[in-house]
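Note: the block below is input-v9.cif and it holds mmCIF, C-alpha atoms and all ligand atoms.
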data_model
#
loop_
_atom_site.label_atom_id
_atom_site.label_comp_id
_atom_site.auth_asym_id
_atom_site.auth_seq_id
_atom_site.Cartn_x
_atom_site.Cartn_y
_atom_site.Cartn_z
CA MET A 17 49.54 121.26 66.50
CA ASP A 18 49.56 124.45 68.51
CA GLN A 19 47.28 126.43 66.27
CA LYS A 20 45.26 128.80 68.47
CA ALA A 21 42.17 129.18 66.33
CA PRO A 22 40.35 126.92 63.89
CA GLU A 23 40.30 127.79 60.21
CA ILE A 24 36.65 126.75 60.11
CA ASN A 25 34.04 126.91 62.85
CA LEU A 26 30.41 126.21 62.04
CA HIS A 27 29.02 126.18 65.58
CA THR A 28 28.39 129.72 66.84
CA HIS A 29 25.51 131.07 68.92
CA CYS A 30 24.60 134.68 69.82
CA CYS A 31 22.66 136.58 72.48
CA ARG A 32 19.36 136.00 70.68
CA CYS A 33 19.19 132.53 72.27
CA ARG A 34 19.11 134.25 75.68
CA HIS A 35 21.76 132.04 77.26
CA ALA A 36 24.69 133.37 75.22
CA THR A 37 26.27 136.83 75.26
CA GLY A 38 27.31 139.03 72.35
CA THR A 39 25.77 139.99 69.05
CA ILE A 40 26.54 138.43 65.71
CA ALA A 41 28.74 141.45 64.96
CA ASP A 42 30.73 140.73 68.15
CA TYR A 43 31.30 137.08 67.19
CA ALA A 44 32.28 138.03 63.66
CA ALA A 45 34.77 140.60 64.99
CA CYS A 46 36.36 138.07 67.35
CA ALA A 47 36.52 135.41 64.65
CA HIS A 48 38.08 137.83 62.19
CA GLN A 49 40.67 138.86 64.73
CA ALA A 50 41.45 135.23 65.57
CA GLY A 51 42.10 134.51 61.89
CA ILE A 52 39.12 132.23 61.32
CA LYS A 53 38.54 131.87 57.58
CA ILE A 54 35.08 130.31 57.57
CA LEU A 55 32.56 131.14 60.29
CA GLY A 56 29.10 129.62 60.50
CA PHE A 57 26.31 130.91 62.72
CA SER A 58 24.14 128.12 64.09
CA ASP A 59 21.98 129.49 66.85
CA HIS A 60 19.31 127.29 68.43
CA VAL A 61 16.36 126.72 66.11
CA PRO A 62 13.15 128.50 67.17
CA PHE A 63 9.73 126.95 66.59
CA PRO A 64 6.45 128.65 65.68
CA ASP A 65 4.72 126.89 68.60
CA PHE A 66 7.35 128.15 71.10
CA GLU A 67 8.54 124.62 71.96
CA HIS A 68 11.81 124.74 73.91
CA ASN A 69 11.52 128.44 74.62
CA PRO A 70 12.94 130.26 76.53
CA ASP A 71 16.43 129.01 75.60
CA ARG A 72 16.29 130.38 72.06
CA MET A 73 15.14 133.32 69.95
CA PHE A 74 11.52 133.64 68.87
CA PHE A 75 10.51 132.29 65.48
CA SER A 76 9.59 135.84 64.47
CA GLU A 77 13.20 136.96 65.06
CA LEU A 78 14.61 134.78 62.28
CA PRO A 79 14.59 137.50 59.58
CA ASP A 80 16.51 139.87 61.90
CA TYR A 81 18.96 137.09 62.79
CA ILE A 82 19.61 136.50 59.11
CA LYS A 83 19.94 140.19 58.37
CA GLU A 84 22.56 140.53 61.10
CA ILE A 85 24.55 137.69 59.57
CA GLU A 86 24.29 139.32 56.15
CA ASP A 87 25.55 142.60 57.64
CA ALA A 88 28.56 140.72 59.01
CA GLN A 89 29.15 139.18 55.58
CA LYS A 90 29.33 142.70 54.10
CA ARG A 91 31.63 143.92 56.84
CA TYR A 92 34.15 141.06 56.50
CA PRO A 93 34.33 140.16 52.82
CA ASP A 94 37.59 138.28 53.40
CA MET A 95 35.89 135.80 55.74
CA LEU A 96 33.30 133.32 54.46
CA ILE A 97 30.32 133.68 56.80
CA LEU A 98 27.58 131.07 56.57
CA LYS A 99 23.99 131.26 57.76
CA GLY A 100 22.73 128.31 59.72
CA LEU A 101 20.85 126.96 62.71
CA GLU A 102 21.40 124.18 65.20
CA ILE A 103 18.21 122.15 65.04
CA ASP A 104 16.51 120.07 67.67
CA TYR A 105 14.77 117.43 65.62
CA ARG A 106 11.16 116.88 66.66
CA PRO A 107 9.94 113.72 64.93
CA ILE A 108 6.34 114.91 65.11
CA LEU A 109 7.19 117.75 62.70
CA GLY A 110 9.03 115.55 60.20
CA ALA A 111 12.09 116.36 58.14
CA SER A 112 10.06 118.21 55.48
CA PHE A 113 9.09 120.86 58.03
CA TYR A 114 12.74 121.69 58.66
CA LYS A 115 13.62 121.69 54.99
CA GLU A 116 10.73 123.96 54.03
CA GLU A 117 10.77 126.37 56.97
CA TYR A 118 14.47 126.86 57.46
CA LEU A 119 16.35 125.87 54.32
CA ASP A 120 13.85 126.71 51.57
CA LYS A 121 11.87 129.69 52.93
CA LEU A 122 14.72 131.37 54.79
CA GLY A 123 17.47 130.34 52.42
CA LEU A 124 19.86 129.24 55.15
CA ASP A 125 23.13 127.69 54.03
CA TYR A 126 23.12 124.76 56.42
CA LEU A 127 21.75 123.10 59.53
CA ILE A 128 23.59 121.21 62.19
CA GLY A 129 21.65 118.93 64.49
CA GLY A 130 22.02 118.20 68.15
CA ALA A 131 19.72 116.40 70.56
CA HIS A 132 19.10 118.41 73.73
CA TYR A 133 15.58 117.32 74.73
CA THR A 134 13.70 114.07 74.71
CA PRO A 135 10.71 114.63 72.43
CA ALA A 136 7.27 115.28 73.87
CA ARG A 137 4.97 112.32 73.54
CA GLU A 138 1.54 111.39 74.70
CA GLY A 139 1.07 112.34 78.33
CA ARG A 140 4.53 113.84 78.71
CA THR A 141 6.19 117.09 77.79
CA SER A 142 9.70 117.16 76.39
CA ARG A 143 12.54 117.22 78.89
CA TRP A 144 16.24 118.05 78.99
CA CYS A 145 17.83 114.90 77.67
CA SER A 146 19.97 114.12 80.69
CA TYR A 147 17.78 115.33 83.52
CA ILE A 148 18.60 112.37 85.78
CA THR A 149 22.11 111.86 87.19
CA PRO A 150 23.45 109.25 86.91
CA MET A 151 21.63 108.80 83.68
CA PRO A 152 19.72 105.52 83.34
CA LEU A 153 20.38 103.61 80.16
CA ASP A 154 16.76 103.82 79.02
CA LEU A 155 17.07 107.61 78.97
CA LEU A 156 20.33 107.32 77.05
CA ARG A 157 18.42 105.04 74.67
CA GLU A 158 16.02 107.93 73.95
CA PHE A 159 18.92 110.31 73.33
CA VAL A 160 20.60 107.85 70.97
CA ASP A 161 17.38 107.19 69.05
CA LEU A 162 16.75 110.92 68.65
CA SER A 163 20.35 111.53 67.56
CA ILE A 164 19.99 108.86 64.90
CA GLN A 165 16.63 110.22 63.74
CA THR A 166 18.26 113.65 63.48
CA MET A 167 20.94 112.22 61.19
CA GLU A 168 18.35 110.28 59.18
CA THR A 169 16.64 113.53 58.15
CA GLY A 170 19.54 113.92 55.73
CA LEU A 171 19.38 117.67 56.41
CA ILE A 172 22.26 118.21 58.80
CA ALA A 173 25.86 119.00 57.94
CA TYR A 174 26.96 117.16 61.07
CA LEU A 175 25.72 115.93 64.44
CA ALA A 176 26.66 118.30 67.27
CA HIS A 177 27.93 116.97 70.60
CA PRO A 178 26.94 113.30 70.16
CA ASP A 179 28.26 112.74 73.69
CA LEU A 180 26.36 115.62 75.37
CA THR A 181 24.73 113.16 77.79
CA ALA A 182 28.16 112.31 79.24
CA VAL A 183 27.50 115.24 81.57
CA SER A 184 25.15 112.93 83.49
CA CYS A 185 26.93 109.60 83.00
CA ASP A 186 29.15 108.67 85.91
CA ARG A 187 30.98 105.75 84.31
CA TRP A 188 31.52 104.06 80.97
CA THR A 189 29.99 100.59 80.93
CA PRO A 190 29.37 97.99 78.21
CA GLY A 191 25.78 99.32 78.17
CA HIS A 192 27.04 102.82 77.34
CA ALA A 193 29.41 101.46 74.73
CA ALA A 194 26.64 99.52 72.98
CA LEU A 195 24.29 102.51 72.84
CA TYR A 196 26.84 105.12 71.80
CA ARG A 197 28.13 102.65 69.22
CA GLU A 198 24.77 103.01 67.46
CA ILE A 199 25.45 106.72 66.93
CA ILE A 200 28.84 105.87 65.48
CA ASP A 201 27.39 103.20 63.19
CA ALA A 202 24.69 105.61 61.97
CA SER A 203 27.31 108.29 61.35
CA LEU A 204 29.25 105.86 59.16
CA ALA A 205 26.20 104.48 57.35
CA LEU A 206 24.67 107.91 56.65
CA ASP A 207 28.00 109.71 56.12
CA ILE A 208 27.18 112.38 58.71
CA PRO A 209 30.24 113.53 60.68
CA LEU A 210 30.21 113.78 64.47
CA GLU A 211 31.29 116.90 66.33
CA LEU A 212 34.10 117.03 68.84
CA ASN A 213 32.65 119.88 70.86
CA ALA A 214 34.90 122.35 72.65
CA TYR A 215 32.16 123.85 74.83
CA GLY A 216 32.21 120.88 77.20
CA LEU A 217 35.77 121.74 78.15
CA ARG A 218 34.61 125.14 79.38
CA LYS A 219 31.77 123.79 81.52
CA PRO A 220 32.06 122.91 85.22
CA TYR A 221 33.78 119.57 85.70
CA VAL A 222 31.67 116.63 86.84
CA ASP A 223 32.48 114.24 89.68
CA THR A 224 32.83 110.61 88.74
CA PRO A 225 34.13 107.58 90.66
CA GLU A 226 37.37 107.98 88.67
CA GLY A 227 37.71 111.66 89.58
CA LYS A 228 36.71 114.92 87.97
CA ARG A 229 36.43 115.29 84.24
CA ALA A 230 35.06 117.74 81.70
CA PRO A 231 31.41 116.87 80.97
CA TYR A 232 32.29 116.23 77.32
CA PRO A 233 33.93 115.37 75.00
CA TRP A 234 33.93 111.95 76.67
CA ARG A 235 37.18 110.14 76.08
CA PRO A 236 35.88 106.54 75.81
CA PHE A 237 33.28 107.62 73.27
CA TRP A 238 35.89 109.31 71.09
CA GLU A 239 38.31 106.40 71.39
CA MET A 240 35.58 104.18 70.00
CA ALA A 241 34.76 106.75 67.30
CA ALA A 242 38.40 107.03 66.25
CA GLU A 243 38.73 103.24 66.17
CA ALA A 244 35.68 103.08 63.87
CA ASN A 245 37.23 105.80 61.67
CA VAL A 246 34.23 108.13 61.78
CA LYS A 247 34.44 111.51 60.14
CA ALA A 248 34.72 114.25 62.75
CA VAL A 249 34.40 118.02 62.92
CA ILE A 250 35.67 120.31 65.65
CA GLY A 251 32.95 122.72 66.79
CA MET A 252 33.58 125.60 69.15
CA ASP A 253 29.89 125.92 70.19
CA ALA A 254 30.69 129.50 71.18
CA HIS A 255 28.24 131.14 73.57
CA ARG A 256 30.56 134.13 74.22
CA PRO A 257 32.32 136.04 71.43
CA GLU A 258 35.79 135.21 72.77
CA ASP A 259 34.94 131.51 72.64
CA VAL A 260 35.01 131.36 68.85
CA SER A 261 38.55 130.11 69.34
CA SER A 262 39.04 129.25 73.02
CA ASN A 263 39.99 125.65 73.84
CA TYR A 264 40.75 125.03 70.18
CA ALA A 265 44.34 123.96 70.83
CA GLU A 266 43.20 121.53 73.50
CA VAL A 267 40.45 119.95 71.47
CA ARG A 268 42.67 119.79 68.39
CA ALA A 269 45.33 118.02 70.45
CA TRP A 270 42.67 115.47 71.44
CA ALA A 271 41.76 114.91 67.81
CA ASP A 272 45.36 114.52 66.74
CA GLU A 273 46.19 112.18 69.60
CA LEU A 274 43.21 109.96 68.82
CA GLY A 275 43.92 110.08 65.10
CA LEU A 276 40.45 111.39 64.29
CA ARG A 277 39.55 111.91 60.65
CA LEU A 278 38.75 115.64 60.65
CA CYS A 279 36.68 116.77 57.69
CA GLU A 280 35.63 120.40 58.22
CA LYS A 281 36.68 121.38 54.70
CA GLU A 282 34.62 118.58 53.16
CA VAL A 283 31.60 119.64 55.21
CA VAL A 284 31.91 123.22 53.91
CA GLN A 285 32.32 121.98 50.33
CA LYS A 286 29.10 119.99 50.64
CA ILE A 287 27.27 123.02 52.07
CA LEU A 288 28.44 125.19 49.19
CA ALA A 289 27.64 122.52 46.59
CA ARG A 290 24.08 122.23 47.91
CA LYS A 291 23.58 125.98 47.43
CA LYS A 292 24.28 125.77 43.71
ZN ZN A 301 23.20 127.02 73.64
ZN ZN A 302 23.87 122.13 71.27
#
Please, can you express the file's structure as structure tokens?
Ligand SMILES: [Zn+2]
Ligand SMILES: [Zn+2]
Amino acid sequence: MDQKAPEINLHTHCCRCRHATGTIADYAACAHQAGIKILGFSDHVPFPDFEHNPDRMFFSELPDYIKEIEDAQKRYPDMLILKGLEIDYRPILGASFYKEEYLDKLGLDYLIGGAHYTPAREGRTSRWCSYITPMPLDLLREFVDLSIQTMETGLIAYLAHPDLTAVSCDRWTPGHAALYREIIDASLALDIPLELNAYGLRKPYVDTPEGKRAPYPWRPFWEMAAEANVKAVIGMDAHRPEDVSSNYAEVRAWADELGLRLCEKEVVQKILARKK
């Protein structure tokens, strides 16, 4: 496979999150030029209580965000453009909050979910999920639990970067395998695909005892996922307009080599069926 751009990419950010560049119009233009057929916008979910700001838009910006996506839909009628968000699941809010606020009230087409922060709990604020390097297994435990809770909401089209924490893991051990295996088992049991995320390939490489590697995707995780025959989705996780297709060939080669069961089309079909 030497295809340069994906046919479908549901993981796209924009400058509203304040750590990406480019407007929705810029991403749509790049995607159209690259030949992408289905483009989904999934910027970081904002909360009314400002949790996790400042790495996302304000809650009050959501109508403008949606309007911009709708403008892009009008501009490129030959490309299917979907309206979504990448949610951080906060168990204290419950799944019904996400369904009501984002899917029902705003009429978004879909949500993807990705754990980035350990949830706040009594006596402790939330923290970046892999804030200690090398990451202790009890912190990975929190990430895995939150990832599974995110899938259990039943609201997400797929789980983004299930191996995000590999950025802080220096080696793959039986302890890592056992914990990450729980994400894989939940993905199979709940029928929620896992995302092979291209953004990790564009991030600074990390030093490990075995040499430098991209922070993620993490090879041993994906070998285990392929062995278990999970459903997978390639996500570009674009934070710059030109990244709607960059690294696609590389990540697709990974998927093909591992024999991953890619299911982007099925994910889109389910999104569209839910809308009816
Ligand atoms: Zn981001
Ligand atoms: Zn993410």
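Residues lying within 12 Å of A:Asp223, counting all atoms listed in the file and ignoring same-chain neighbours fewer than 6 positions away, are A:Thr149, A:Pro150, A:Ala182, A:Val183, A:Ser184, A:Cys185, A:Asp186, A:Arg187, A:Arg229, A:Ala230, A:Pro231.
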Mind dumping the selected residues with C-alpha atoms as a CSV table (one decimal), in the coordinates of the input?
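That gives us again.csv:
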chain,number,residue,atom,x,y,z
A,149,THR,CA,22.1,111.9,87.2
A,150,PRO,CA,23.4,109.2,86.9
A,182,ALA,CA,28.2,112.3,79.2
A,183,VAL,CA,27.5,115.2,81.6
A,184,SER,CA,25.2,112.9,83.5
A,185,CYS,CA,26.9,109.6,83.0
A,186,ASP,CA,29.2,108.7,85.9
A,187,ARG,CA,31.0,105.8,84.3
A,229,ARG,CA,36.4,115.3,84.2
A,230,ALA,CA,35.1,117.7,81.7
A,231,PRO,CA,31.4,116.9,81.0
Handout entry: Test item: residues no farther than 12 Å from ligand ZN 302 (chain A), counting all atoms listed in the file, as a PyMOL selection string
Key = chain A and resi 27-29+33+35-36+58-61+71-72+101-105+127-133+144-145+163+174-181+211-216+232+251-255
Could those residues be written to a file, using C-alpha atoms, as a compact mmCIF listing (two decimals), in the frame of the given file?
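Below you can see selection_30.txt, which holds the result:
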# COMPACT_ATOMS: atom_id res chain seq x y z
CA HIS A 27 29.02 126.18 65.58
CA THR A 28 28.39 129.72 66.84
CA HIS A 29 25.51 131.07 68.92
CA CYS A 33 19.19 132.53 72.27
CA HIS A 35 21.76 132.04 77.26
CA ALA A 36 24.69 133.37 75.22
CA SER A 58 24.14 128.12 64.09
CA ASP A 59 21.98 129.49 66.85
CA HIS A 60 19.31 127.29 68.43
CA VAL A 61 16.36 126.72 66.11
CA ASP A 71 16.43 129.01 75.60
CA ARG A 72 16.29 130.38 72.06
CA LEU A 101 20.85 126.96 62.71
CA GLU A 102 21.40 124.18 65.20
CA ILE A 103 18.21 122.15 65.04
CA ASP A 104 16.51 120.07 67.67
CA TYR A 105 14.77 117.43 65.62
CA LEU A 127 21.75 123.10 59.53
CA ILE A 128 23.59 121.21 62.19
CA GLY A 129 21.65 118.93 64.49
CA GLY A 130 22.02 118.20 68.15
CA ALA A 131 19.72 116.40 70.56
CA HIS A 132 19.10 118.41 73.73
CA TYR A 133 15.58 117.32 74.73
CA TRP A 144 16.24 118.05 78.99
CA CYS A 145 17.83 114.90 77.67
CA SER A 163 20.35 111.53 67.56
CA TYR A 174 26.96 117.16 61.07
CA LEU A 175 25.72 115.93 64.44
CA ALA A 176 26.66 118.30 67.27
CA HIS A 177 27.93 116.97 70.60
CA PRO A 178 26.94 113.30 70.16
CA ASP A 179 28.26 112.74 73.69
CA LEU A 180 26.36 115.62 75.37
CA THR A 181 24.73 113.16 77.79
CA GLU A 211 31.29 116.90 66.33
CA LEU A 212 34.10 117.03 68.84
CA ASN A 213 32.65 119.88 70.86
CA ALA A 214 34.90 122.35 72.65
CA TYR A 215 32.16 123.85 74.83
CA GLY A 216 32.21 120.88 77.20
CA TYR A 232 32.29 116.23 77.32
CA GLY A 251 32.95 122.72 66.79
CA MET A 252 33.58 125.60 69.15
CA ASP A 253 29.89 125.92 70.19
CA ALA A 254 30.69 129.50 71.18
CA HIS A 255 28.24 131.14 73.57
Practice task
Find the distance between atom CA of A:Ala241 and atom CA of A:Ile200 and write it in Å to one decimal.
Solution key: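 Atom-to-atom, atom CA of A:Ala241 and atom CA of A:Ile200 are spaced 6.3 Å apart.
Rounded to one decimal, atom CA of A:Leu109 and atom CA of A:Tyr81 lie 22.6 Å from each other.
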I want to know what sits within 10 Å of stretch 136-140 of chain A, based on all atoms listed in the file, with residues of the same chain fewer than 5 positions away left out; could you give that as a PDB file with C-alpha atoms, in the frame of the given file?
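New file out23.pdb:
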ATOM      1  CA  GLU A  67       8.540 124.620  71.960  1.00  0.00           C
ATOM      2  CA  ARG A 106      11.160 116.880  66.660  1.00  0.00           C
ATOM      3  CA  PRO A 107       9.940 113.720  64.930  1.00  0.00           C
ATOM      4  CA  ILE A 108       6.340 114.910  65.110  1.00  0.00           C
TER       5      ILE A 108
END
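Using all atoms listed in the file, the nearest neighbour of A:Ile97 within the list A:Ser262, A:Asn69, A:Asn25, A:Thr37 is A:Asn25.
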Practice task
Determine, counting only C-alpha atoms, which protein, DNA and RNA residues have an atom within 8 Å of an atom of stretch 192-197 of chain A; residues of the same chain fewer than 6 positions away are not included. Present the result as a list in words.
Solution key: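 The residues that qualify are Leu153, Leu156, Arg157, Val160, Asp179, Phe237 and Met240 of chain A.
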Exercise for the section: Return the single residue from A:Glu258, A:Glu266, A:Asp201, A:Glu77 that is closest to A:Gly38, with distances computed using all atoms listed in the file. Expected result: A:Glu258
Taking 5 positions as the minimum chain separation for residues in the same chain, which residues sit within 10 Å of A:Lys281 when counting only C-alpha atoms? Answer as a PDB file with C-alpha atoms, keeping the file's coordinate frame.
ATOM      1  CA  GLU A  23      40.300 127.790  60.210  1.00  0.00           C
ATOM      2  CA  ILE A  24      36.650 126.750  60.110  1.00  0.00           C
ATOM      3  CA  ILE A  54      35.080 130.310  57.570  1.00  0.00           C
ATOM      4  CA  VAL A 249      34.400 118.020  62.920  1.00  0.00           C
ATOM      5  CA  LYS A 286      29.100 119.990  50.640  1.00  0.00           C
ATOM      6  CA  ILE A 287      27.270 123.020  52.070  1.00  0.00           C
TER       7      ILE A 287
END
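Between atom CA of A:Cys46 and atom CA of A:Val260 lies a distance of 7.0 Å.
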Handout entry: Within 7 Å of A:Ile164 using all atoms listed in the file, minus same-chain residues under 4 positions, as a PyMOL selection string
Key = chain A and resi 160+168+199+202
Handout entry: Residue nearest A:Arg256 - candidates A:Ser142, A:Thr224, A:Glu84, A:Arg218, atoms counted: only C-alpha atoms
Key =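 Of all the options, A:Arg218 lies closest to A:Arg256.
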Handout entry: Shortest interatomic distance to A:Ile172 - which of A:Met95, A:Leu155, A:Leu26, A:Ala47, counting all atoms listed in the file
Key =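 For A:Ile172, the nearest of the candidates is A:Leu26.
Distances from A:Lys292, A:Ile250, A:Val284, A:Val222 to A:Tyr126 were compared using only C-alpha atoms, and the smallest one belongs to A:Val284.
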Handout entry: Of the listed residues A:Met73, A:Ala21, A:Ala242, A:Val283, that which approaches A:Ala173 most closely, counting only C-alpha atoms
Key =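 Answer, going by the shortest atom-to-atom distance: A:Val283.
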